[in-house]
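Trainee: Got a structure here, written out as structure tokens. Questions coming.
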Amino acid sequence: AQSVTQPDIHITVSEGASLELRCNYSYGATPYLFWYVQSPGQGLQLLLKYFSGDTLVQGIKGFEAEFKRSQSSFNLRKPSVHWSDAAEYFCAVAGRRALTFGSGTRLQVQP
Amino acid sequence: NAGVTQTPKFQVLKTGQSMTLQCAQDMNHEYMSWYRQDPGMGLRLIHYSVGAGITDQGEVPNGYNVSRSTTEDFPLRLLSAAPSQTSVYFCASSPRGGSYNEQFFGPGTRLTVL
């Protein structure tokens with residue numbers, strides 16, 4: 001069965017600092033991978049997705065993610081964090097029936 | 001387009017009560033799904049539908065029923081509410097291709113069962 005692990009429950013970074021959120025997946029075939037962001041009290045919004053091709057994918061709000069098959073990872077990065085990036089971030093892998101989500105990483109941004 | 005809408009936004013039930021969470025989308029999406037979100041557990045799939053008249057169970061279906069009589073609507077029914085069903089419920093939709101496509105999420109319903 002597919003699974004997603006996000007090892008960091010909570011991360012705090014200073015505004016302007018770089019960010020990397022970790023995601024490891026388990027899936028038998030070539031995965032369809034996603035990063036979603038959830039602002040407080042809101043639904044989830046897609047940041048970016050990987051289906052195939054270039055292993056570095058660009059998303060909205062200046063985010064990018066790199067797919068590394070050898071490490072079963074799909075880490076999310078941003079070179080300079082803004083206060084408005086404070087939110088919860090979910091990595092997910094698509095299966096035949098539905099998405100399987102990680103448990104999420106809550107990002108706090110310090111001024 | 002309103003996107004995916006959910007009602008109510010908040011609900012408090014007593015154990016044993018029943019209720020229906022409403023979900024509607026105006027994007028003509030074939031695929032719709034219901035997730036519940038619990039702290040530290042991410043989102044877990046309850047039920048999903050690949051089109052009108054077709055539904056199937058997800059990871060945590062017990063205690064919930066769904067139906068899909070139209071493309072637009074996908075209500076979730078709690079038959080006899082239990083405290084374990086206290087959660088935030090999200091409805092999502094996507095075009096043909098189901099989970100392999102971008103999911104569009106509603107704003108959620110926060111349910112408390114006393």
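Every chain in the structure tokens has a letter given in the order shown (A, B, ...), and although residue numbers restart at 1 in each chain, ligands are simply numbered from 1 in the order shown.
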Determine, using only C-alpha atoms, which residues of chain A have any atom at most 6 Å from an atom of chain B, and tabulate each with its shortest atom pair and distance in Å to one decimal place, rows ordered by chain and then rising number, as a tab-separated table.

Mentor:
```
residue	atom	partner	partner_atom	distance
A:Gln42	CA	B:Pro107	CA	5.2
A:Gly43	CA	B:Pro107	CA	4.4
A:Leu44	CA	B:Phe105	CA	5.8
A:Ala94	CA	B:Ser99	CA	5.5
A:Ala98	CA	B:Ser99	CA	4.7
A:Leu99	CA	B:Ser99	CA	5.6
A:Phe101	CA	B:Gly42	CA	5.8
A:Gly102	CA	B:Gly42	CA	5.6
A:Ser103	CA	B:Gly42	CA	3.9
A:Gly104	CA	B:Gly42	CA	5.9
```

Trainee: Where does DSSP see helix (DSSP H, G or I) in chain B, if you list the residues as a ChimeraX atom specification?

Mentor: /B:83-85,98-100

Trainee: Write a file of the just-selected residues containing C-alpha atoms, as a PDB file, in the first residue's frame.

Mentor:
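Written file, again.pdb:
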```pdb
ATOM      1  CA  PRO B  83     -17.651  11.218  19.523  1.00  0.00           C
ATOM      2  CA  SER B  84     -15.028   9.491  17.337  1.00  0.00           C
ATOM      3  CA  GLN B  85     -16.530  11.336  14.372  1.00  0.00           C
ATOM      4  CA  GLY B  98      -9.697  11.294 -10.237  1.00  0.00           C
ATOM      5  CA  SER B  99      -6.895  11.326  -7.728  1.00  0.00           C
ATOM      6  CA  TYR B 100      -4.244  11.784 -10.437  1.00  0.00           C
TER       7      TYR B 100
END
```

Trainee: Can you pull out the residues contacting Leu46 (chain A)? Cut-off 7 Å, using only C-alpha atoms, and skip same-chain residues under 5 positions away; I want them as an MDAnalysis selection string.

Mentor: (chainID A and resid 35:37) or (chainID B and resid 102)

Trainee: Quick check, in Å to one decimal: how far apart do CA of Gly62 (chain A) and CA of Lys78 (chain A) lie?

Mentor: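 Answer for the CA of Gly62 (chain A) to CA of Lys78 (chain A) separation: 6.4 Å.
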
Trainee: Identify which of the residues B:Asn62, B:Ser94, B:Gln22, B:Ser80 lies closest to Pro8 (chain B), counting only C-alpha atoms when measuring atom-to-atom distances.

Mentor: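 So, comparing all the options, the nearest one is B:Gln22.
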
Trainee: Can you tell me which residues surround Ala92 (chain A) at a distance of at most 6 Å, considering only C-alpha atoms, apart from same-chain residues fewer than 3 positions away, and format the answer as a list of chain:residue names?

Mentor: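 In the requested format, the answer is A:Leu33, A:Phe34, A:Thr100, A:Phe101.
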
Trainee: Neighbouring residues of Gln17 (chain B) were defined as those with any atom within 8 Å, considering only C-alpha atoms; residues of the same chain fewer than 4 positions away were excluded. Please report them as a list in words.

Mentor: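 Answer for this query is Leu13, Leu79, Ser80 and Ala81 of chain B.
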
Trainee: Put those residues in a file: N, CA, C and O atoms, as a compact mmCIF listing (two decimals), in the first residue's frame.

Mentor:
```txt
# COMPACT_ATOMS: atom_id res chain seq x y z
N LEU B 13 -23.28 18.10 17.35
CA LEU B 13 -24.29 17.05 17.45
C LEU B 13 -24.17 16.35 18.78
O LEU B 13 -23.10 16.34 19.40
N LEU B 79 -24.92 8.51 10.11
CA LEU B 79 -26.13 7.77 10.43
C LEU B 79 -26.50 7.87 11.91
O LEU B 79 -27.65 8.06 12.27
N SER B 80 -25.50 7.73 12.77
CA SER B 80 -25.69 7.82 14.21
C SER B 80 -24.37 8.34 14.79
O SER B 80 -23.43 7.57 14.98
N ALA B 81 -24.32 9.63 15.01
CA ALA B 81 -23.05 10.28 15.32
C ALA B 81 -22.43 9.73 16.60
O ALA B 81 -23.12 9.44 17.59
```
